[in-house]
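Participant: My structure is in start_36.cif, and what it holds is mmCIF, C-alpha atoms:
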```cif
data_target
#
loop_
_atom_site.label_atom_id
_atom_site.label_comp_id
_atom_site.auth_asym_id
_atom_site.auth_seq_id
_atom_site.Cartn_x
_atom_site.Cartn_y
_atom_site.Cartn_z
CA MET H 1 78.68 183.22 134.94
CA LEU H 2 81.28 181.03 136.68
CA ASN H 3 78.47 178.65 137.66
CA ASN H 4 77.33 178.46 134.05
CA PHE H 5 80.88 177.83 132.88
CA ILE H 6 81.37 174.94 135.31
CA VAL H 7 77.97 173.46 134.44
CA ALA H 8 78.83 173.74 130.73
CA LEU H 9 82.07 171.87 131.42
CA VAL H 10 80.27 169.10 133.31
CA GLU H 11 77.73 168.85 130.50
CA ARG H 12 80.59 168.46 128.02
CA ILE H 13 82.07 165.65 130.17
CA LEU H 14 78.70 163.89 130.36
CA ASN H 15 78.28 164.06 126.58
CA THR H 16 81.80 162.75 126.10
CA ALA H 17 80.89 159.78 128.31
CA LEU H 18 77.77 159.36 126.15
CA LYS H 19 79.96 159.10 123.05
CA LEU H 20 82.53 156.80 124.65
CA ASP H 21 80.06 154.32 126.17
CA THR H 22 78.10 153.21 123.15
CA THR H 23 75.33 151.59 125.20
CA LEU H 24 74.62 154.58 127.50
CA SER H 25 72.16 156.09 124.99
CA ASP H 26 70.15 152.86 124.95
CA ARG H 27 70.00 152.76 128.75
CA LEU H 28 68.85 156.38 128.88
CA ALA H 29 66.33 156.00 126.02
CA PRO H 30 63.36 154.99 128.25
CA ILE H 31 63.67 158.31 130.13
CA ALA H 32 64.34 160.54 127.12
CA GLN H 33 62.81 164.04 127.34
CA GLN H 34 62.06 163.52 131.05
CA ARG H 35 63.31 166.33 133.26
CA LEU H 36 65.22 165.42 136.43
CA LEU H 37 65.76 168.31 138.84
CA ILE H 38 68.57 167.75 141.35
CA ASP H 39 68.40 170.02 144.38
CA ILE H 40 71.71 170.00 146.25
CA ARG H 41 70.68 171.33 149.66
CA ASP H 42 74.07 172.22 151.12
CA TRP H 43 75.09 173.99 147.91
CA GLN H 44 71.67 175.69 147.58
CA GLN H 45 71.79 174.98 143.88
CA GLN H 46 69.46 173.19 141.49
CA PHE H 47 70.43 171.42 138.31
CA LEU H 48 68.14 170.24 135.55
CA VAL H 49 69.19 167.15 133.58
CA VAL H 50 67.47 166.08 130.37
CA PHE H 51 68.44 163.39 127.90
CA THR H 52 66.99 164.41 124.55
CA GLY H 53 67.79 161.22 122.68
CA GLN H 54 70.97 162.70 121.22
CA GLN H 55 72.58 164.66 124.01
CA LEU H 56 72.50 165.25 127.72
CA HIS H 57 71.55 168.79 128.72
CA LEU H 58 72.52 170.17 132.11
CA TYR H 59 71.44 173.57 133.40
CA ASN H 60 71.78 175.45 136.66
CA THR H 61 68.25 176.73 137.16
CA THR H 62 65.76 178.24 139.59
CA GLU H 63 62.79 176.91 137.59
CA GLN H 64 60.54 174.56 139.54
CA GLN H 65 59.25 172.56 136.59
CA PHE H 66 60.28 168.91 136.50
CA ASP H 67 59.09 165.36 136.00
CA CYS H 68 61.15 164.15 138.95
CA MET H 69 62.97 166.05 141.67
CA ILE H 70 65.62 164.72 144.05
CA SER H 71 66.55 166.86 147.02
CA ALA H 72 69.51 165.86 149.20
CA ASP H 73 72.96 166.80 150.48
CA ILE H 74 75.92 166.21 148.21
CA GLN H 75 77.17 163.29 150.36
CA THR H 76 73.81 161.52 150.01
CA LEU H 77 73.77 162.10 146.26
CA MET H 78 77.23 160.52 145.95
CA ALA H 79 75.78 157.40 147.59
CA LEU H 80 73.46 157.07 144.58
CA LYS H 81 76.38 155.60 142.66
CA ASN H 82 74.80 152.42 143.98
CA PRO H 83 71.24 152.51 142.53
CA ALA H 84 70.03 150.08 145.21
CA MET H 85 70.56 152.85 147.78
CA LEU H 86 67.81 155.04 146.36
CA THR H 87 64.80 153.56 148.16
CA GLN H 88 66.83 153.06 151.33
CA LEU H 89 67.85 156.73 151.41
CA ILE H 90 64.25 157.81 150.87
CA ARG H 91 63.13 155.64 153.81
CA GLN H 92 65.88 157.13 155.97
CA ASP H 93 64.63 160.64 155.08
CA LYS H 94 68.07 161.53 153.76
CA LEU H 95 66.63 162.07 150.31
CA ASP H 96 63.39 163.72 149.28
CA LEU H 97 61.84 162.66 145.99
CA GLN H 98 58.90 164.16 144.12
CA GLY H 99 57.45 162.98 140.85
CA ASP H 100 58.23 159.79 138.96
CA LEU H 101 60.67 157.56 140.82
CA HIS H 102 61.49 155.67 137.61
CA ILE H 103 63.20 158.74 136.16
CA ALA H 104 65.63 158.97 139.08
CA GLN H 105 66.17 155.20 138.95
CA GLY H 106 66.70 155.40 135.21
CA PHE H 107 69.48 157.97 135.47
CA SER H 108 71.07 156.20 138.43
CA ASN H 109 71.03 152.78 136.75
CA ALA H 110 72.28 154.15 133.44
CA PHE H 111 75.33 155.84 134.95
CA ALA H 112 76.05 153.07 137.45
CA ALA H 113 76.50 150.73 134.49
CA LEU H 114 78.84 153.15 132.70
CA ASP H 115 81.44 151.06 130.94
CA ILE H 116 83.84 152.83 128.61
CA ASP H 117 86.03 150.58 126.50
CA TRP H 118 89.14 152.71 126.91
CA PRO H 119 91.53 150.36 125.07
CA GLU H 120 89.19 150.45 122.06
CA HIS H 121 89.13 154.25 122.01
CA LEU H 122 92.86 154.58 122.65
CA SER H 123 93.59 152.13 119.84
CA THR H 124 92.29 154.63 117.25
CA TYR H 125 95.19 156.90 118.24
CA LEU H 126 97.90 154.41 119.27
CA GLY H 127 97.11 151.12 117.59
CA ASP H 128 95.79 147.93 119.27
CA ALA H 129 98.90 146.57 121.00
CA PRO H 130 100.24 149.91 122.39
CA ALA H 131 96.72 150.82 123.57
CA GLN H 132 96.38 147.53 125.46
CA GLN H 133 99.83 147.94 127.00
CA LEU H 134 99.10 151.52 128.04
CA TRP H 135 95.78 150.44 129.53
CA GLN H 136 97.44 147.65 131.54
CA LEU H 137 100.08 150.12 132.77
CA LEU H 138 97.39 152.60 133.86
CA LYS H 139 95.47 149.85 135.68
CA GLN H 140 98.60 148.76 137.51
CA ALA H 141 99.42 152.36 138.40
CA LYS H 142 95.90 152.80 139.78
CA GLN H 143 96.17 149.65 141.92
CA GLN H 144 99.61 150.70 143.15
CA GLY H 145 98.22 154.13 143.95
CA LYS H 146 95.41 152.60 146.04
CA LYS H 147 97.91 150.39 147.88
CA THR H 148 100.22 153.33 148.59
CA ASN H 149 97.30 155.42 149.83
CA LYS H 150 96.25 152.67 152.22
CA GLN H 151 99.81 152.29 153.51
CA LEU H 152 100.15 156.02 154.01
CA ALA H 153 96.87 156.14 155.93
CA THR H 154 97.97 153.28 158.21
CA THR H 155 101.38 154.88 158.77
CA LEU H 156 99.84 158.24 159.56
CA THR H 157 97.34 156.69 162.00
CA THR H 158 100.09 154.77 163.79
CA LEU H 159 102.25 157.89 163.92
CA CYS H 160 99.48 160.01 165.42
CA GLN H 161 98.37 157.37 167.93
CA ASP H 162 101.57 155.70 169.08
CA GLU H 163 104.41 158.15 168.42
CA LEU H 164 103.05 161.68 168.60
CA LYS H 165 100.03 160.70 170.77
CA VAL H 166 97.82 163.40 169.25
CA THR H 167 94.93 160.99 168.64
CA ILE H 168 93.65 157.96 170.49
CA HIS H 169 92.91 154.43 169.35
CA PRO H 170 89.21 153.72 168.55
CA LEU H 171 89.15 151.09 171.32
CA GLU H 172 90.31 153.69 173.84
CA LEU H 173 87.52 156.00 172.72
CA GLU H 174 84.98 153.19 173.08
CA GLN H 175 86.27 152.48 176.60
CA PHE H 176 85.99 156.15 177.51
CA LYS H 177 82.41 156.25 176.21
CA GLN H 178 81.54 153.17 178.26
CA HIS H 179 83.00 154.72 181.43
CA THR H 180 81.03 157.91 180.82
CA ARG H 181 77.81 155.93 180.38
CA GLN H 182 78.44 154.06 183.64
CA LEU H 183 79.14 157.30 185.47
CA LYS H 184 75.92 158.79 184.10
CA SER H 185 73.97 155.73 185.25
CA HIS H 186 75.52 155.85 188.76
CA THR H 187 74.76 159.57 189.00
CA ALA H 188 71.12 158.97 188.04
CA GLN H 189 70.82 156.22 190.67
CA LEU H 190 72.39 158.49 193.32
CA GLU H 191 70.00 161.31 192.43
CA LEU H 192 67.04 158.93 192.76
CA ARG H 193 68.27 157.71 196.18
CA ILE H 194 68.74 161.31 197.43
CA ASN H 195 65.23 162.28 196.25
CA GLN H 196 63.75 159.23 198.02
CA LEU H 197 65.55 160.13 201.26
CA LEU H 198 64.40 163.75 201.05
CA GLN H 199 60.79 162.69 200.50
CA ALA H 200 60.94 160.17 203.41
CA LYS H 201 62.16 163.00 205.66
CA MET I 202 49.98 224.35 104.62
CA ASN I 203 51.67 222.28 107.37
CA GLU I 204 53.47 219.10 106.24
CA ASN I 205 53.87 216.27 108.70
CA PRO I 206 57.56 216.02 109.49
CA GLU I 207 59.08 212.63 108.67
CA LYS I 208 59.35 210.45 111.77
CA THR I 209 62.94 209.78 112.75
CA THR I 210 64.73 207.23 114.84
CA HIS I 211 68.30 206.31 115.68
CA PHE I 212 70.65 204.09 113.71
CA GLY I 213 73.55 203.93 116.13
CA TYR I 214 74.41 207.53 116.83
CA LYS I 215 72.93 208.72 113.54
CA THR I 216 69.38 210.01 113.20
CA VAL I 217 67.60 208.48 110.25
CA ALA I 218 64.06 208.31 108.90
CA GLU I 219 62.08 205.52 110.54
CA THR I 220 61.29 204.11 107.12
CA GLU I 221 65.00 203.74 106.38
CA LYS I 222 66.16 202.04 109.57
CA ALA I 223 65.03 198.53 108.67
CA SER I 224 66.90 198.53 105.36
CA MET I 225 70.04 199.97 106.98
CA VAL I 226 69.95 197.23 109.64
CA ALA I 227 69.36 194.71 106.85
CA ASP I 228 72.51 195.86 105.08
CA VAL I 229 74.51 195.36 108.28
CA PHE I 230 73.34 191.80 108.75
CA HIS I 231 73.65 190.84 105.07
CA SER I 232 77.25 191.94 105.41
CA VAL I 233 78.12 190.11 108.64
CA ALA I 234 75.99 186.95 108.25
CA THR I 235 78.70 184.54 107.13
CA LYS I 236 81.12 185.66 109.85
CA TYR I 237 78.48 186.22 112.54
CA ASP I 238 79.24 183.17 114.72
CA VAL I 239 83.02 183.57 114.54
CA MET I 240 82.73 187.25 115.44
CA ASN I 241 80.42 186.49 118.37
CA ASP I 242 82.99 184.11 119.83
CA LEU I 243 85.85 186.52 119.17
CA MET I 244 84.19 189.68 120.47
CA SER I 245 82.75 188.12 123.63
CA PHE I 246 85.60 185.62 124.20
CA GLY I 247 83.01 182.87 124.00
CA ILE I 248 80.96 184.31 126.86
CA HIS I 249 77.90 184.76 124.61
CA ARG I 250 77.46 180.97 124.88
CA LEU I 251 77.09 181.30 128.65
CA TRP I 252 74.58 184.14 128.25
CA LYS I 253 72.55 181.91 125.95
CA ARG I 254 72.80 178.98 128.38
CA GLN I 255 71.33 181.22 131.06
CA THR I 256 68.49 182.07 128.69
CA ILE I 257 67.68 178.41 128.18
CA ALA I 258 67.98 177.71 131.92
CA SER I 259 65.39 180.46 132.52
CA SER I 260 63.04 179.32 129.78
CA GLY I 261 61.18 176.42 131.42
CA VAL I 262 61.09 174.77 128.00
CA ARG I 263 59.98 171.13 127.85
CA LYS I 264 58.86 168.49 125.38
CA GLY I 265 55.87 169.41 123.30
CA HIS I 266 56.38 173.16 123.63
CA HIS I 267 55.99 175.60 120.74
CA VAL I 268 58.86 178.05 120.72
CA LEU I 269 59.58 181.14 118.63
CA ASP I 270 63.24 182.10 118.46
CA LEU I 271 62.85 185.63 117.12
CA ALA I 272 65.79 187.40 115.49
CA GLY I 273 67.21 183.91 115.85
CA GLY I 274 69.66 184.45 113.05
CA THR I 275 72.21 181.67 112.97
CA GLY I 276 70.19 179.45 115.29
CA ASP I 277 72.23 179.08 118.48
CA LEU I 278 69.14 178.98 120.69
CA THR I 279 67.06 177.08 118.14
CA ALA I 280 69.63 174.26 118.13
CA LYS I 281 69.05 173.68 121.84
CA PHE I 282 65.30 174.27 121.82
CA SER I 283 64.83 171.83 118.96
CA GLN I 284 66.28 169.04 121.10
CA LEU I 285 64.49 170.06 124.28
CA VAL I 286 60.98 170.26 122.78
CA GLY I 287 61.38 166.87 121.09
CA ASP I 288 59.36 165.40 118.26
CA THR I 289 56.07 166.58 119.70
CA GLY I 290 57.22 170.20 119.93
CA GLN I 291 58.00 172.83 117.34
CA VAL I 292 60.56 175.60 117.02
CA VAL I 293 60.19 178.51 114.63
CA LEU I 294 63.42 180.28 113.75
CA GLY I 295 62.32 183.75 112.74
CA ASP I 296 64.46 186.55 111.36
CA ILE I 297 63.87 189.58 109.15
CA ASN I 298 67.16 188.98 107.35
CA SER I 299 67.32 186.30 104.67
CA SER I 300 71.12 185.98 104.79
CA MET I 301 71.09 185.23 108.51
CA LEU I 302 68.26 182.71 108.04
CA LYS I 303 70.24 181.01 105.27
CA VAL I 304 73.30 180.65 107.51
CA GLY I 305 71.10 179.40 110.34
CA ARG I 306 69.36 176.83 108.16
CA GLU I 307 72.66 175.45 106.87
CA LYS I 308 74.15 175.26 110.33
CA LEU I 309 71.16 173.44 111.82
CA HIS I 310 70.95 171.02 108.90
CA ASN I 311 74.64 170.24 109.36
CA LEU I 312 73.92 169.48 113.01
CA GLY I 313 71.27 167.02 111.92
CA LEU I 314 68.47 169.10 113.37
CA VAL I 315 65.56 168.70 111.02
CA GLY I 316 61.96 167.78 111.52
CA ASN I 317 60.74 170.16 114.20
CA ILE I 318 62.22 173.47 112.99
CA ASP I 319 60.48 175.93 110.69
CA TYR I 320 62.32 178.89 109.14
CA VAL I 321 60.26 182.03 108.61
CA GLN I 322 61.37 185.45 107.43
CA MET I 323 59.36 187.91 109.50
CA ASN I 324 59.25 191.40 110.94
CA ALA I 325 59.08 191.45 114.75
CA GLU I 326 56.67 194.41 114.61
CA ALA I 327 54.04 192.37 112.76
CA LEU I 328 54.43 188.72 113.63
CA PRO I 329 52.53 186.47 111.19
CA PHE I 330 50.96 184.08 113.70
CA PRO I 331 47.54 183.72 115.27
CA ASP I 332 46.93 184.86 118.84
CA ASN I 333 48.06 182.52 121.62
CA SER I 334 50.38 180.42 119.45
CA PHE I 335 53.57 180.00 121.47
CA ASP I 336 54.62 178.75 124.90
CA LEU I 337 57.89 180.64 124.73
CA ILE I 338 59.37 183.48 122.71
CA THR I 339 63.02 184.40 122.88
CA ILE I 340 64.76 187.33 121.24
CA ALA I 341 68.51 187.35 121.73
CA PHE I 342 70.49 190.43 120.69
CA GLY I 343 67.77 191.41 118.26
CA LEU I 344 65.41 193.84 120.00
CA ARG I 345 67.81 196.77 119.80
CA ASN I 346 67.73 196.50 115.98
CA VAL I 347 63.92 196.75 115.80
CA THR I 348 62.60 200.14 114.66
CA ASP I 349 59.48 200.23 116.85
CA GLN I 350 60.31 198.14 119.89
CA ASN I 351 57.00 198.83 121.66
CA LYS I 352 55.07 197.60 118.65
CA ALA I 353 57.25 194.47 118.53
CA LEU I 354 56.67 193.77 122.24
CA ARG I 355 52.90 194.09 121.77
CA SER I 356 53.08 191.73 118.81
CA MET I 357 55.00 189.19 120.87
CA TYR I 358 52.47 189.49 123.68
CA ARG I 359 49.61 188.80 121.27
CA ILE I 360 51.03 185.55 119.95
CA LEU I 361 52.07 184.16 123.35
CA LYS I 362 49.76 181.65 124.98
CA PRO I 363 48.40 182.49 128.43
CA GLY I 364 51.02 181.23 130.86
CA GLY I 365 53.71 181.68 128.23
CA ARG I 366 56.80 183.77 128.68
CA LEU I 367 59.03 186.15 126.76
CA LEU I 368 62.79 186.19 127.27
CA VAL I 369 64.75 189.19 125.99
CA LEU I 370 68.51 188.76 126.03
CA GLU I 371 70.15 192.04 125.11
CA PHE I 372 73.10 194.31 125.72
CA SER I 373 72.37 196.77 128.50
CA LYS I 374 73.94 199.25 130.92
CA PRO I 375 76.89 198.03 133.04
CA GLU I 376 76.33 198.29 136.77
CA HIS I 377 79.67 199.85 137.68
CA GLU I 378 81.45 202.90 136.37
CA VAL I 379 84.85 201.23 136.00
CA LEU I 380 83.42 198.37 133.99
CA SER I 381 81.44 200.86 131.92
CA LYS I 382 84.57 202.80 130.96
CA ALA I 383 86.53 199.63 130.09
CA TYR I 384 83.56 198.38 128.08
CA ASP I 385 83.29 201.69 126.18
CA PHE I 386 86.98 201.59 125.32
CA TYR I 387 86.69 198.00 124.13
CA SER I 388 83.52 198.64 122.12
CA PHE I 389 84.57 201.79 120.30
CA ASN I 390 88.26 201.14 119.83
CA LEU I 391 88.77 197.40 119.51
CA LEU I 392 85.51 196.00 118.12
CA PRO I 393 85.50 197.97 114.85
CA LYS I 394 89.15 196.98 114.26
CA MET I 395 88.32 193.30 114.89
CA GLY I 396 85.36 193.68 112.52
CA GLU I 397 87.62 195.12 109.85
CA LEU I 398 90.21 192.37 110.22
CA VAL I 399 87.92 189.34 110.44
CA ALA I 400 84.67 190.32 108.73
CA ASN I 401 86.14 193.02 106.49
CA ASP I 402 83.47 195.39 107.80
CA GLY I 403 84.48 197.82 110.55
CA GLU I 404 81.43 200.06 110.02
CA SER I 405 78.95 197.32 111.00
CA TYR I 406 80.74 196.76 114.28
CA LYS I 407 80.81 200.49 114.91
CA TYR I 408 77.02 200.35 114.50
CA LEU I 409 76.97 197.47 117.01
CA ALA I 410 78.75 199.56 119.66
CA GLU I 411 76.57 202.63 119.01
CA SER I 412 73.27 200.72 118.89
CA ILE I 413 74.02 199.20 122.30
CA ARG I 414 74.36 202.70 123.78
CA MET I 415 71.06 203.76 122.25
CA HIS I 416 69.15 200.75 123.60
CA PRO I 417 66.95 201.25 126.70
CA ASP I 418 68.50 200.38 130.03
CA GLN I 419 67.29 197.58 132.28
CA GLU I 420 64.50 199.44 134.08
CA THR I 421 63.27 201.16 130.93
CA LEU I 422 62.96 197.88 129.05
CA LYS I 423 61.18 196.34 132.02
CA ALA I 424 58.66 199.21 131.94
CA MET I 425 58.22 198.78 128.17
CA MET I 426 57.43 195.10 128.66
CA ASN I 427 54.91 195.95 131.36
CA ASP I 428 53.30 198.52 129.05
CA ALA I 429 52.97 195.84 126.39
CA GLY I 430 50.98 193.74 128.84
CA PHE I 431 53.60 191.44 130.31
CA GLU I 432 53.37 190.63 134.01
CA GLN I 433 55.86 189.62 136.71
CA THR I 434 58.57 191.16 134.54
CA THR I 435 62.04 190.74 136.04
CA TYR I 436 65.56 191.03 134.77
CA GLN I 437 68.89 189.50 135.63
CA ASN I 438 72.18 191.28 134.95
CA LEU I 439 74.84 189.11 133.39
CA THR I 440 78.56 189.93 133.30
CA GLY I 441 78.14 193.03 135.40
CA GLY I 442 75.15 194.35 133.43
CA ILE I 443 76.85 194.31 130.04
CA VAL I 444 73.99 191.99 129.12
CA ALA I 445 70.59 191.70 130.76
CA LEU I 446 68.05 188.89 130.53
CA HIS I 447 64.49 190.18 130.89
CA ARG I 448 61.61 187.79 131.48
CA GLY I 449 57.89 188.55 131.38
CA PHE I 450 54.77 186.41 131.44
CA LYS I 451 51.38 186.57 129.78
CA TYR I 452 48.44 185.65 132.01
#
```
Starting from the coordinates I provided, produce the structure as C-alpha cells.
Facilitator:
Amino acid sequence: MLNNFIVALVERILNTALKLDTTLSDRLAPIAQQRLLIDIRDWQQQFLVVFTGQQLHLYNTTEQQFDCMISADIQTLMALKNPAMLTQLIRQDKLDLQGDLHIAQGFSNAFAALDIDWPEHLSTYLGDAPAQQLWQLLKQAKQQGKKTNKQLATTLTTLCQDELKVTIHPLELEQFKQHTRQLKSHTAQLELRINQLLQAK
Amino acid sequence: MNENPEKTTHFGYKTVAETEKASMVADVFHSVATKYDVMNDLMSFGIHRLWKRQTIASSGVRKGHHVLDLAGGTGDLTAKFSQLVGDTGQVVLGDINSSMLKVGREKLHNLGLVGNIDYVQMNAEALPFPDNSFDLITIAFGLRNVTDQNKALRSMYRILKPGGRLLVLEFSKPEHEVLSKAYDFYSFNLLPKMGELVANDGESYKYLAESIRMHPDQETLKAMMNDAGFEQTTYQNLTGGIVALHRGFKY
C-alpha cells in the first residue's frame, strides 16, 4: 500500500504540473491514450503512464500490456531529461525499448520542455509586483545555493587531499595507473623471454 | 402434506428469508447513499482510494475497452475507467440501488465525465447483457451484499468476452490474529458510532461490520470463482487481508 500511496502522490504532482504548464497538454496530445510502461530494473518495479487527454494516470503494475516499454536503471532513466539521449542510450544497450519509439520520445520531449510560469501563478495569490519580487529572490537564492555547493565541494576536496590526506588527487591516480600498466607490460615481456629461453633449452 | 421450507440467508448476523435480503440491503443503501463517499474516506482513513488504485492497476484496461463497473454505486472506479477507455470505449455503471446510481451520476457529471458512461439499474444475479459483452468487469465492495453470489458470478462469467477478466475487490479475512482483533474492535465499536454521528444511521454500519464477517474468505471466494468457470483465479491481500482483490479470467 505504501507503493500505491507514493505513486498516487507522484501522479498528483504530475497533474499539478499539467495544470501549471498550460501547453503541456498540447505537447502530450499526440500520444493521448497510449500506454508507456517504465520498467526500473534496479528497483524491480514497473509503472504505467497514460495521458488520457485530461489527466495523467500513473500506476504501479505487474501487467505486461503496453504500447511502448522502456526498461533501464534509474540512473539511465534520469538521463532522459535530455530527449536527444534516447537513441544514444538504446545504441549503448543501457536502455531497452519495445513498441512505438514515438511514445517514449513524446513523453520525454513533452516533459523536457516543461515551463511553468511561476510568477503568473504566484500573482493570483500575491499580486503582480510581490510575485515578481518573490520570484527574483527565489532565483537569486537558487543561484547562491549552487555557488555555495560548489565552494563546499572544492573546500572538502582540498581538505581531504591536501590537509587530511585521506584521498589522492586525480592526477596522482592517473600516474599510479600508468605505472601499473608499465609494470604489467614489463612482466609480460619478461614472461615471454623466460618461455623462449626454456624452449631453446 | 410437506411444505417446502422458505429458503433463508444471512443479513449480517441475522437470518432472513432469501426473498427479503435484497430489499433489506436496498434500505441500507438508500439510507447511506448521500453520505457514502464521506463515510468511505472517514472509515478507511482514505485507504479505500489506494485499494481502488490497485484494482485499476490490475485491470489491464486500455482505450476501446468495454467495462462494467458492477455495484459501482457512486462511481469511483467508473471515473477512472471512463478516462482510460477513451472515446472509443464504453463504461457501464451498474447498481441495483437507484439512490446510489443517482449520486454516482451527479458526481460523474460534475467531473465532466459524459459521453462514454451508461447508467443501468441492474441485479448482479441476472445481468441484462448479451453473452461476451465486456472486456472487464469490476465489483468493488458489492459482492457481499448479493443474495446468491454463485449465481451472480455465473452471470458475470457469461457476459465477459473470452480473454476478459473479473476483478472482485471485497473485505476479507485478516491474515494475522492481532490485526483481526484490532479490526473487530474497530468495526463493531467505532464504525456504528461514526455512522450514527455522520450519516445518522448506526444500524447500517453495524450491518456493514456483520456482513463482512459473513462473507467468504479468500480461498472460498477463489473456489467460487473457479466453480463459476473462471480460470487462473488469484487473489492479492491488501492491508493485511482486511481487503482482498480477486482476479479471474474467461478463456
Participant: Residue by residue, what does the PyMOL selection byres ((chain I and resi 341-353) around 9) grab here? Present the result as an mmCIF file with C-alpha atoms, in the coordinates of the input.
Facilitator:
```cif
data_model
loop_
_atom_site.group_PDB
_atom_site.id
_atom_site.type_symbol
_atom_site.label_atom_id
_atom_site.label_comp_id
_atom_site.auth_asym_id
_atom_site.auth_seq_id
_atom_site.Cartn_x
_atom_site.Cartn_y
_atom_site.Cartn_z
ATOM 1 C CA THR I 210 64.730 207.230 114.840
ATOM 2 C CA HIS I 211 68.300 206.310 115.680
ATOM 3 C CA PHE I 212 70.650 204.090 113.710
ATOM 4 C CA GLU I 219 62.080 205.520 110.540
ATOM 5 C CA THR I 220 61.290 204.110 107.120
ATOM 6 C CA LYS I 222 66.160 202.040 109.570
ATOM 7 C CA ALA I 223 65.030 198.530 108.670
ATOM 8 C CA VAL I 226 69.950 197.230 109.640
ATOM 9 C CA LYS I 253 72.550 181.910 125.950
ATOM 10 C CA THR I 256 68.490 182.070 128.690
ATOM 11 C CA ASP I 270 63.240 182.100 118.460
ATOM 12 C CA LEU I 271 62.850 185.630 117.120
ATOM 13 C CA ALA I 272 65.790 187.400 115.490
ATOM 14 C CA GLY I 273 67.210 183.910 115.850
ATOM 15 C CA GLY I 274 69.660 184.450 113.050
ATOM 16 C CA LEU I 278 69.140 178.980 120.690
ATOM 17 C CA ASN I 324 59.250 191.400 110.940
ATOM 18 C CA ALA I 325 59.080 191.450 114.750
ATOM 19 C CA GLU I 326 56.670 194.410 114.610
ATOM 20 C CA ALA I 327 54.040 192.370 112.760
ATOM 21 C CA LEU I 328 54.430 188.720 113.630
ATOM 22 C CA THR I 339 63.020 184.400 122.880
ATOM 23 C CA ILE I 340 64.760 187.330 121.240
ATOM 24 C CA LEU I 354 56.670 193.770 122.240
ATOM 25 C CA ARG I 355 52.900 194.090 121.770
ATOM 26 C CA SER I 356 53.080 191.730 118.810
ATOM 27 C CA MET I 357 55.000 189.190 120.870
ATOM 28 C CA TYR I 358 52.470 189.490 123.680
ATOM 29 C CA LEU I 368 62.790 186.190 127.270
ATOM 30 C CA VAL I 369 64.750 189.190 125.990
ATOM 31 C CA LEU I 370 68.510 188.760 126.030
ATOM 32 C CA GLU I 371 70.150 192.040 125.110
ATOM 33 C CA PHE I 372 73.100 194.310 125.720
ATOM 34 C CA SER I 412 73.270 200.720 118.890
ATOM 35 C CA ILE I 413 74.020 199.200 122.300
ATOM 36 C CA MET I 415 71.060 203.760 122.250
ATOM 37 C CA HIS I 416 69.150 200.750 123.600
ATOM 38 C CA PRO I 417 66.950 201.250 126.700
ATOM 39 C CA MET I 425 58.220 198.780 128.170
ATOM 40 C CA MET I 426 57.430 195.100 128.660
ATOM 41 C CA ASP I 428 53.300 198.520 129.050
ATOM 42 C CA ALA I 429 52.970 195.840 126.390
ATOM 43 C CA LEU I 446 68.050 188.890 130.530
#
```
Participant: Using only C-alpha atoms, find which residues of chain H lie within 8 Å of chain I and jot them down as a list in words.
Facilitator: Met1, Asn4, Phe5, Gln33, Arg35, Val50, Thr52, Gln54, Tyr59, Asn60, Thr61, Thr62, Glu63 and Gln65 of chain H
Participant: Find the residues around range 14-20 of chain H up to 10 Å (all atoms listed in the file counted), leave out those fewer than 3 positions away in its own chain, and share them as a PyMOL selection string.
Facilitator: chain H and resi 8-11+23-25+28+51+54-58+111+114-118+120-121
Participant: Put those residues in a file: C-alpha atoms, as an mmCIF file, in the frame of the given file.
Facilitator:
```
data_model
loop_
_atom_site.group_PDB
_atom_site.id
_atom_site.type_symbol
_atom_site.label_atom_id
_atom_site.label_comp_id
_atom_site.auth_asym_id
_atom_site.auth_seq_id
_atom_site.Cartn_x
_atom_site.Cartn_y
_atom_site.Cartn_z
ATOM 1 C CA ALA H 8 78.830 173.740 130.730
ATOM 2 C CA LEU H 9 82.070 171.870 131.420
ATOM 3 C CA VAL H 10 80.270 169.100 133.310
ATOM 4 C CA GLU H 11 77.730 168.850 130.500
ATOM 5 C CA THR H 23 75.330 151.590 125.200
ATOM 6 C CA LEU H 24 74.620 154.580 127.500
ATOM 7 C CA SER H 25 72.160 156.090 124.990
ATOM 8 C CA LEU H 28 68.850 156.380 128.880
ATOM 9 C CA PHE H 51 68.440 163.390 127.900
ATOM 10 C CA GLN H 54 70.970 162.700 121.220
ATOM 11 C CA GLN H 55 72.580 164.660 124.010
ATOM 12 C CA LEU H 56 72.500 165.250 127.720
ATOM 13 C CA HIS H 57 71.550 168.790 128.720
ATOM 14 C CA LEU H 58 72.520 170.170 132.110
ATOM 15 C CA PHE H 111 75.330 155.840 134.950
ATOM 16 C CA LEU H 114 78.840 153.150 132.700
ATOM 17 C CA ASP H 115 81.440 151.060 130.940
ATOM 18 C CA ILE H 116 83.840 152.830 128.610
ATOM 19 C CA ASP H 117 86.030 150.580 126.500
ATOM 20 C CA TRP H 118 89.140 152.710 126.910
ATOM 21 C CA GLU H 120 89.190 150.450 122.060
ATOM 22 C CA HIS H 121 89.130 154.250 122.010
#
```
Participant: Which residues, named as in the file, does the PyMOL selection byres ((chain I and resi 292) around 8) pick out? Answer as an mmCIF file with C-alpha atoms, in the frame of the given file.
Facilitator:
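Done, and the output landed in expr_33.cif:
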```cif
data_model
loop_
_atom_site.group_PDB
_atom_site.id
_atom_site.type_symbol
_atom_site.label_atom_id
_atom_site.label_comp_id
_atom_site.auth_asym_id
_atom_site.auth_seq_id
_atom_site.Cartn_x
_atom_site.Cartn_y
_atom_site.Cartn_z
ATOM 1 C CA HIS I 267 55.990 175.600 120.740
ATOM 2 C CA VAL I 268 58.860 178.050 120.720
ATOM 3 C CA LEU I 269 59.580 181.140 118.630
ATOM 4 C CA ASP I 270 63.240 182.100 118.460
ATOM 5 C CA THR I 279 67.060 177.080 118.140
ATOM 6 C CA PHE I 282 65.300 174.270 121.820
ATOM 7 C CA SER I 283 64.830 171.830 118.960
ATOM 8 C CA VAL I 286 60.980 170.260 122.780
ATOM 9 C CA GLY I 290 57.220 170.200 119.930
ATOM 10 C CA GLN I 291 58.000 172.830 117.340
ATOM 11 C CA VAL I 293 60.190 178.510 114.630
ATOM 12 C CA LEU I 294 63.420 180.280 113.750
ATOM 13 C CA ASN I 317 60.740 170.160 114.200
ATOM 14 C CA ILE I 318 62.220 173.470 112.990
ATOM 15 C CA ASP I 319 60.480 175.930 110.690
#
```
Participant: Quote the spacing between CA of Gln140 in chain H and CA of Lys81 in chain H in Å to one decimal place.
Facilitator: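 CA of Lys81 in chain H lies 23.8 Å from CA of Gln140 in chain H.
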